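Below is one structure, written out as structure tokens; comments come after it.
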Protein chains: 2
Amino acid sequence: MPEAISREAEDTSPLAMIIGGGSVPIAVAEAVERRGRRVVLFPVRGWADPAAVGKFKHYWLPLAQAGLFRHHAHAEGCRDVVFVGTALRPPLRSLRVDWLTLRLLPRVFRAYRGGDDHLISKVADIFEDYGFRIVGPHVVAPEILMPEGPVGSVSPMDRDRIDIARALALLQATGPFDMGQAAVVANNHVLAVEAAEGTDAMLGRISELRARGRIAAPKGTGVLVKAPKPQQDRRFDLPAIGPRTVEEAARAGLAGIAVVAGGTIIAEPAAVAAAADRAKIFVVGIKDERARS
Amino acid sequence: MPEAISREAEDTSPLAMIIGGGSVPIAVAEAVERRGRRVVLFPVRGWADPAAVGKFKHYWLPLAQAGLFRHHAHAEGCRDVVFVGTALRPPLRSLRVDWLTLRLLPRVFRAYRGGDDHLISKVADIFEDYGFRIVGPHVVAPEILMPEGPVGSVSPMDRDRIDIARALALLQATGPFDMGQAAVVANNHVLAVEAAEGTDAMLGRISELRARGRIAAPKGTGVLVKAPKPQQDRRFDLPAIGPRTVEEAARAGLAGIAVVAGGTIIAEPAAVAAAADRAKIFVVGIKDERARS
């Protein structure tokens with residue numbers, strides 16, 4: 001088994017990607033390969049979509065088999081490792097844990113949202129002990145980051161800007177609590193804050209409340225805002241949006257989506273723009289005003 | 001129609017109660033009558049429970065018929081008015097609005113949660129123009145306020161105290177955003193924050209996430225914490241718990257419920273204690289540590 005790969009080979013060595021669910025991991029893999037770097041996927045069984053990984057070299061990884069990862073990644077000559085995609089906490093009794101995982105497991109994945117940034121950041125240290133380097137997906141493929149300005153042809157109006165500012169201020173206030181990265185504000189009223197449930201579930205709640213007449217703001221008002229946590233280790237779990245986020249936001253009757261430019265991943269930008277135009281809602285990258293405070 | 005009732009009659013004049021849903025309004029009415037003061041209920045059609053109002057003198061109030069309220073309340077000699085109970089926003093097209101309501105409606109009820117305290121507080125001013133005085137339910141029946149210490153036989157442990165402190169700090173941070181009055185924290189992780197959905201729906205979410213294996217904290221950990229907003233006008237919409245809250249918290253696998261003593265209504269304390277003991281969870285009134293900051 002090769003030891004740590006030399007620094008010079010760093011940029012051309014294949015990139016190991018340990019991937020969870022959602023469309024973001026594949027968007028990242030495609031972007032990295034367009035840049036001429038080979039990727040080796042390690043889709044986590046039960047999380048990643050089997051249909052999507054076929055076109056890349058890949059090794060299925062049963063959860064809790066970190067030793068298996070290390071074996072294949074070393075054999076493939078990978079030094080850099082990206083963690084990307086959504087993770088679900090499996091029933092613990094279903095896990096068969098190998099010896100390396102015993103050391104790593106509690107710290108490797110945030111098995112649920114609303115976790116502990118401090119622990120997550122330590123994962124990098126452990127991986128480095130084994131000759132790996134953990135990098136953020138936006139480092140190997142900067143084009144996956146949301147740009148500033150609208151994606152698609154609709155732009156936010158002044159009243160939407162007010163909702164966006166309020167949501168950003170709220171996410172600033174909740175930042176120290178290491179919880180969600182998203183909120184929905186309509187007509188300056190906070191309708192929902194994300195914690196353990198995830199963005200799609202939060203948007204589904206808005207749809208349901210609206211259907212039951214519990215939301216005063218008329219259809220076509222309100223903004224979903226996503227922002228990285230102020231103290232976030234950006235190698236892990238950057239907030240992400242994709243076409244599905246747009247569809248859920250439209251179904252929830254919102255005017256649009258605003259995410260922090262340069263601090264949020266946009267999976268499949270063309271599909272996001274098309275979905276936004278179809279639904280006549282805006283998707284906009286905004287400056288993080290919080291950074292100024 | 002009598003004009004404003006003289007100040008001297010204030011304490012013995014019958015109390016008008018405009019009531020929404022839930023068990024709190026009836027608990028308040030019973031407490032007031034135990035104190036020897038007659039109540040006249042004005043249950044809002046579609047919100048209040050018909051089965052519960054029968055033992056009191058009452059006039060059903062179609063939503064948006066404030067003129068009708070004024071007529072009956074004056075005829076009954078009521079000066080003091082309590083607003084209590086949960087409100088649901090009805091489809092606007094279903095409302096038939098009378099002339100007085102046209103002036104009052106937008107400000108009378110918070111038709112959805114996460115509203116605007118500033119507007120709510122102005123309702124009192126308008127009612128006073130018509131010879132009424134709006135009082136908080138806890139003013140006419142102080143015994144409905146949560147006492148300090150445990151209700152029932154289970155007490156929080158040290159680790160629960162940590163979760164309680166974190167939830168209180170979070171509710172302190174979200175206070176300026178005039179949103180929910182409740183959060184769930186387990187093992188120091190924020191699992192849910194209430195905004196427009198209401199406490200029961202938030203607890204239902206925890207149950208569902210737990211069933212899907214999305215919550216790391218084992219069953220029997222985690223606390224529901226409710227606190228009034230720092231800037232809250234306590235005449236309106238004090239947070240409340242009742243037996244149903246206890247049942248939902250138990251179903252969500254929490255260790256217990258903590259609410260701010262003196263700042264939260266406890267409906268049917270005996271039933272709450274019985275439900276807590278049955279579920280082996282704690283229900284505790286705590287000092288609002290936020291007041292010190």
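To be explicit about the labels: the chains of the structure tokens are called A, B, and onward in the order shown, and within each one the residues are counted from 1, while ligands get numbers from 1 in the order they are shown.
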Can you build me a table of chain A residues sitting at most 6 Å from chain B, with the closest atom pair per residue and its distance in Å to one decimal, using only C-alpha atoms, sorted by chain and residue number, as a tab-separated table?
```
residue	atom	partner	partner_atom	distance
A:Arg89	CA	B:Arg214	CA	5.3
A:Tyr112	CA	B:Arg214	CA	5.8
A:Ala173	CA	B:Ala173	CA	5.7
A:Met179	CA	B:Val190	CA	5.9
A:Val190	CA	B:Met179	CA	5.9
A:Leu191	CA	B:Ala196	CA	4.8
A:Ala192	CA	B:Ala195	CA	5.1
A:Ala195	CA	B:Ala192	CA	5.1
A:Ala196	CA	B:Leu191	CA	4.9
A:Gly213	CA	B:Arg89	CA	5.7
A:Arg214	CA	B:Arg89	CA	5.3
```
Using only C-alpha atoms, determine which residues lie at most 6 Å from stretch 74-78 of chain B, disregarding the query and same-chain residues fewer than 6 positions distant; provide the list as a list of chain:residue names.
-> B:Ser13, B:Pro14, B:Leu15, B:Ala16
Now that the selection is made, can you save its residues with N, CA, C and O atoms as a compact mmCIF listing (two decimals), in the first residue's frame?
```txt
# COMPACT_ATOMS: atom_id res chain seq x y z
N SER B 13 -67.92 43.37 37.26
CA SER B 13 -68.62 43.28 35.97
C SER B 13 -68.25 41.97 35.31
O SER B 13 -67.15 41.45 35.51
N PRO B 14 -69.19 41.40 34.54
CA PRO B 14 -68.85 40.13 33.90
C PRO B 14 -67.69 40.30 32.93
O PRO B 14 -67.52 41.37 32.33
N LEU B 15 -66.92 39.24 32.79
CA LEU B 15 -65.74 39.27 31.92
C LEU B 15 -66.11 38.71 30.54
O LEU B 15 -66.61 37.59 30.43
N ALA B 16 -65.86 39.51 29.51
CA ALA B 16 -66.06 39.01 28.14
C ALA B 16 -64.81 38.26 27.71
O ALA B 16 -63.70 38.75 27.89
```
Please identify all polymer residues within 8 Å of stretch 39-53 of chain A, counting only C-alpha atoms, omitting same-chain residues fewer than 4 positions from it, and present them as a ChimeraX atom specification.
-> /A:14-22,26,29,32-33,57-63,69,76,85-88
Secondary structure check, helix (DSSP H, G or I) residues of stretch 120-180 of chain B, as a VMD selection string = chain B and resid 120 to 129 137 to 140 142 to 144 158 to 177
Write the residues of the selection above to a file with N, CA and C atoms, as an mmCIF file, in the first residue's frame.
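Below you can see selection-v5.cif, which holds the result:
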```
data_model
loop_
_atom_site.group_PDB
_atom_site.id
_atom_site.type_symbol
_atom_site.label_atom_id
_atom_site.label_comp_id
_atom_site.auth_asym_id
_atom_site.auth_seq_id
_atom_site.Cartn_x
_atom_site.Cartn_y
_atom_site.Cartn_z
ATOM 1 N N ILE B 120 -50.454 43.900 17.128
ATOM 2 C CA ILE B 120 -51.300 43.287 18.146
ATOM 3 C C ILE B 120 -51.532 44.245 19.313
ATOM 4 N N SER B 121 -50.462 44.882 19.719
ATOM 5 C CA SER B 121 -50.577 45.751 20.885
ATOM 6 C C SER B 121 -51.517 46.920 20.620
ATOM 7 N N LYS B 122 -51.645 47.294 19.379
ATOM 8 C CA LYS B 122 -52.515 48.424 19.060
ATOM 9 C C LYS B 122 -53.991 48.070 19.194
ATOM 10 N N VAL B 123 -54.295 46.784 19.135
ATOM 11 C CA VAL B 123 -55.692 46.364 19.264
ATOM 12 C C VAL B 123 -56.286 46.906 20.550
ATOM 13 N N ALA B 124 -55.501 46.842 21.601
ATOM 14 C CA ALA B 124 -55.977 47.313 22.899
ATOM 15 C C ALA B 124 -56.432 48.765 22.810
ATOM 16 N N ASP B 125 -55.651 49.585 22.133
ATOM 17 C CA ASP B 125 -56.006 51.000 21.997
ATOM 18 C C ASP B 125 -57.369 51.154 21.331
ATOM 19 N N ILE B 126 -57.567 50.387 20.261
ATOM 20 C CA ILE B 126 -58.825 50.506 19.529
ATOM 21 C C ILE B 126 -59.999 50.080 20.405
ATOM 22 N N PHE B 127 -59.828 48.965 21.117
ATOM 23 C CA PHE B 127 -60.910 48.498 21.974
ATOM 24 C C PHE B 127 -61.228 49.524 23.049
ATOM 25 N N GLU B 128 -60.197 50.189 23.514
ATOM 26 C CA GLU B 128 -60.447 51.180 24.560
ATOM 27 C C GLU B 128 -61.249 52.359 24.030
ATOM 28 N N ASP B 129 -61.096 52.659 22.759
ATOM 29 C CA ASP B 129 -61.940 53.687 22.136
ATOM 30 C C ASP B 129 -63.412 53.316 22.257
ATOM 31 N N PRO B 137 -55.238 36.921 30.164
ATOM 32 C CA PRO B 137 -55.929 35.870 30.921
ATOM 33 C C PRO B 137 -55.271 35.625 32.282
ATOM 34 N N HIS B 138 -53.974 35.845 32.367
ATOM 35 C CA HIS B 138 -53.275 35.608 33.631
ATOM 36 C C HIS B 138 -53.580 36.695 34.660
ATOM 37 N N VAL B 139 -54.148 37.823 34.212
ATOM 38 C CA VAL B 139 -54.511 38.888 35.148
ATOM 39 C C VAL B 139 -55.812 38.539 35.849
ATOM 40 N N VAL B 140 -56.761 37.966 35.102
ATOM 41 C CA VAL B 140 -58.048 37.614 35.707
ATOM 42 C C VAL B 140 -58.011 36.249 36.397
ATOM 43 N N PRO B 142 -54.704 34.365 37.796
ATOM 44 C CA PRO B 142 -53.251 34.149 37.906
ATOM 45 C C PRO B 142 -52.872 32.683 38.115
ATOM 46 N N GLU B 143 -53.805 31.881 38.647
ATOM 47 C CA GLU B 143 -53.476 30.478 38.914
ATOM 48 C C GLU B 143 -53.295 29.662 37.647
ATOM 49 N N ILE B 144 -53.617 30.212 36.468
ATOM 50 C CA ILE B 144 -53.386 29.452 35.238
ATOM 51 C C ILE B 144 -51.929 29.557 34.788
ATOM 52 N N ASP B 158 -29.423 16.675 35.143
ATOM 53 C CA ASP B 158 -28.442 17.691 34.779
ATOM 54 C C ASP B 158 -28.321 17.863 33.273
ATOM 55 N N ARG B 159 -28.311 16.741 32.535
ATOM 56 C CA ARG B 159 -28.154 16.865 31.085
ATOM 57 C C ARG B 159 -29.371 17.559 30.475
ATOM 58 N N ASP B 160 -30.545 17.390 31.087
ATOM 59 C CA ASP B 160 -31.722 18.105 30.591
ATOM 60 C C ASP B 160 -31.562 19.604 30.841
ATOM 61 N N ARG B 161 -30.956 19.942 31.954
ATOM 62 C CA ARG B 161 -30.744 21.355 32.281
ATOM 63 C C ARG B 161 -29.870 22.032 31.228
ATOM 64 N N ILE B 162 -28.911 21.272 30.700
ATOM 65 C CA ILE B 162 -28.045 21.827 29.647
ATOM 66 C C ILE B 162 -28.874 22.105 28.390
ATOM 67 N N ASP B 163 -29.719 21.138 28.032
ATOM 68 C CA ASP B 163 -30.580 21.338 26.863
ATOM 69 C C ASP B 163 -31.535 22.517 27.065
ATOM 70 N N ILE B 164 -32.049 22.640 28.277
ATOM 71 C CA ILE B 164 -32.976 23.738 28.576
ATOM 72 C C ILE B 164 -32.276 25.088 28.432
ATOM 73 N N ALA B 165 -31.061 25.170 28.946
ATOM 74 C CA ALA B 165 -30.325 26.433 28.870
ATOM 75 C C ALA B 165 -30.037 26.800 27.416
ATOM 76 N N ARG B 166 -29.698 25.777 26.603
ATOM 77 C CA ARG B 166 -29.402 26.072 25.203
ATOM 78 C C ARG B 166 -30.665 26.543 24.475
ATOM 79 N N ALA B 167 -31.778 25.899 24.745
ATOM 80 C CA ALA B 167 -33.028 26.295 24.093
ATOM 81 C C ALA B 167 -33.433 27.710 24.505
ATOM 82 N N LEU B 168 -33.255 28.032 25.774
ATOM 83 C CA LEU B 168 -33.588 29.388 26.225
ATOM 84 C C LEU B 168 -32.707 30.424 25.541
ATOM 85 N N ALA B 169 -31.430 30.095 25.399
ATOM 86 C CA ALA B 169 -30.515 31.025 24.725
ATOM 87 C C ALA B 169 -30.934 31.203 23.260
ATOM 88 N N LEU B 170 -31.339 30.107 22.632
ATOM 89 C CA LEU B 170 -31.798 30.189 21.245
ATOM 90 C C LEU B 170 -33.050 31.055 21.134
ATOM 91 N N LEU B 171 -34.017 30.830 22.031
ATOM 92 C CA LEU B 171 -35.252 31.619 21.979
ATOM 93 C C LEU B 171 -34.967 33.091 22.277
ATOM 94 N N GLN B 172 -33.944 33.320 23.062
ATOM 95 C CA GLN B 172 -33.491 34.697 23.294
ATOM 96 C C GLN B 172 -32.975 35.310 21.985
ATOM 97 N N ALA B 173 -32.194 34.515 21.237
ATOM 98 C CA ALA B 173 -31.605 35.021 19.988
ATOM 99 C C ALA B 173 -32.669 35.248 18.916
ATOM 100 N N THR B 174 -33.701 34.393 18.906
ATOM 101 C CA THR B 174 -34.725 34.544 17.876
ATOM 102 C C THR B 174 -35.834 35.503 18.313
ATOM 103 N N GLY B 175 -35.803 35.922 19.561
ATOM 104 C CA GLY B 175 -36.841 36.814 20.094
ATOM 105 C C GLY B 175 -37.109 38.039 19.229
ATOM 106 N N PRO B 176 -36.062 38.751 18.808
ATOM 107 C CA PRO B 176 -36.302 39.959 18.013
ATOM 108 C C PRO B 176 -37.013 39.684 16.689
ATOM 109 N N PHE B 177 -37.080 38.424 16.271
ATOM 110 C CA PHE B 177 -37.685 38.115 14.975
ATOM 111 C C PHE B 177 -39.160 37.768 15.109
#
```
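The closest residue to A:Ser207, picked from A:Pro269, A:Pro228, A:Pro243, A:Gly253 and counting only C-alpha atoms, is A:Gly253.
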Which polymer residues have any atom within 7 Å of an atom of B:Met146, counting only C-alpha atoms, with same-chain residues fewer than 2 positions away left out, as a PDB file with N, CA, C and O atoms, in the first residue's frame?
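What follows is the written file part.pdb:
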```pdb
ATOM      1  N   ILE B 144     -53.617  30.212  36.468  1.00  0.00           N
ATOM      2  CA  ILE B 144     -53.386  29.452  35.238  1.00  0.00           C
ATOM      3  C   ILE B 144     -51.929  29.557  34.788  1.00  0.00           C
ATOM      4  O   ILE B 144     -51.517  28.893  33.841  1.00  0.00           O
ATOM      5  N   GLU B 148     -43.194  27.646  39.420  1.00  0.00           N
ATOM      6  CA  GLU B 148     -41.825  27.156  39.334  1.00  0.00           C
ATOM      7  C   GLU B 148     -41.767  25.725  39.864  1.00  0.00           C
ATOM      8  O   GLU B 148     -42.519  25.353  40.776  1.00  0.00           O
ATOM      9  N   ALA B 261     -41.714  29.779  34.095  1.00  0.00           N
ATOM     10  CA  ALA B 261     -42.682  29.949  35.181  1.00  0.00           C
ATOM     11  C   ALA B 261     -43.174  31.393  35.183  1.00  0.00           C
ATOM     12  O   ALA B 261     -42.403  32.328  34.988  1.00  0.00           O
ATOM     13  N   GLY B 262     -44.483  31.547  35.342  1.00  0.00           N
ATOM     14  CA  GLY B 262     -45.061  32.884  35.390  1.00  0.00           C
ATOM     15  C   GLY B 262     -45.220  33.527  34.029  1.00  0.00           C
ATOM     16  O   GLY B 262     -45.789  34.608  33.920  1.00  0.00           O
ATOM     17  N   THR B 264     -46.019  31.404  31.150  1.00  0.00           N
ATOM     18  CA  THR B 264     -46.645  30.403  30.300  1.00  0.00           C
ATOM     19  C   THR B 264     -47.922  29.937  30.971  1.00  0.00           C
ATOM     20  O   THR B 264     -47.974  29.807  32.196  1.00  0.00           O
ATOM     21  N   ILE B 265     -48.948  29.703  30.166  1.00  0.00           N
ATOM     22  CA  ILE B 265     -50.208  29.201  30.712  1.00  0.00           C
ATOM     23  C   ILE B 265     -50.162  27.683  30.772  1.00  0.00           C
ATOM     24  O   ILE B 265     -49.715  27.035  29.822  1.00  0.00           O
ATOM     25  N   ILE B 266     -50.575  27.127  31.900  1.00  0.00           N
ATOM     26  CA  ILE B 266     -50.734  25.678  31.967  1.00  0.00           C
ATOM     27  C   ILE B 266     -52.229  25.375  32.095  1.00  0.00           C
ATOM     28  O   ILE B 266     -52.865  25.712  33.094  1.00  0.00           O
ATOM     29  N   GLY B 285     -41.528  24.124  35.515  1.00  0.00           N
ATOM     30  CA  GLY B 285     -41.515  25.581  35.374  1.00  0.00           C
ATOM     31  C   GLY B 285     -40.141  26.097  35.770  1.00  0.00           C
ATOM     32  O   GLY B 285     -39.619  25.756  36.832  1.00  0.00           O
TER      33      GLY B 285
END
```
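With only C-alpha atoms as the atoms that count, the minimum distance from B:Arg37 to the choices B:Ile134, B:Ala141, B:Ala279, B:Val84 is reached by B:Ala141.
Separating atom CA of A:Val223 from atom CA of A:Gly263 is a distance of 17.7 Å.
Computed from the coordinates, the atom CA of A:Ala258 to atom CA of B:Thr199 distance equals 27.4 Å.
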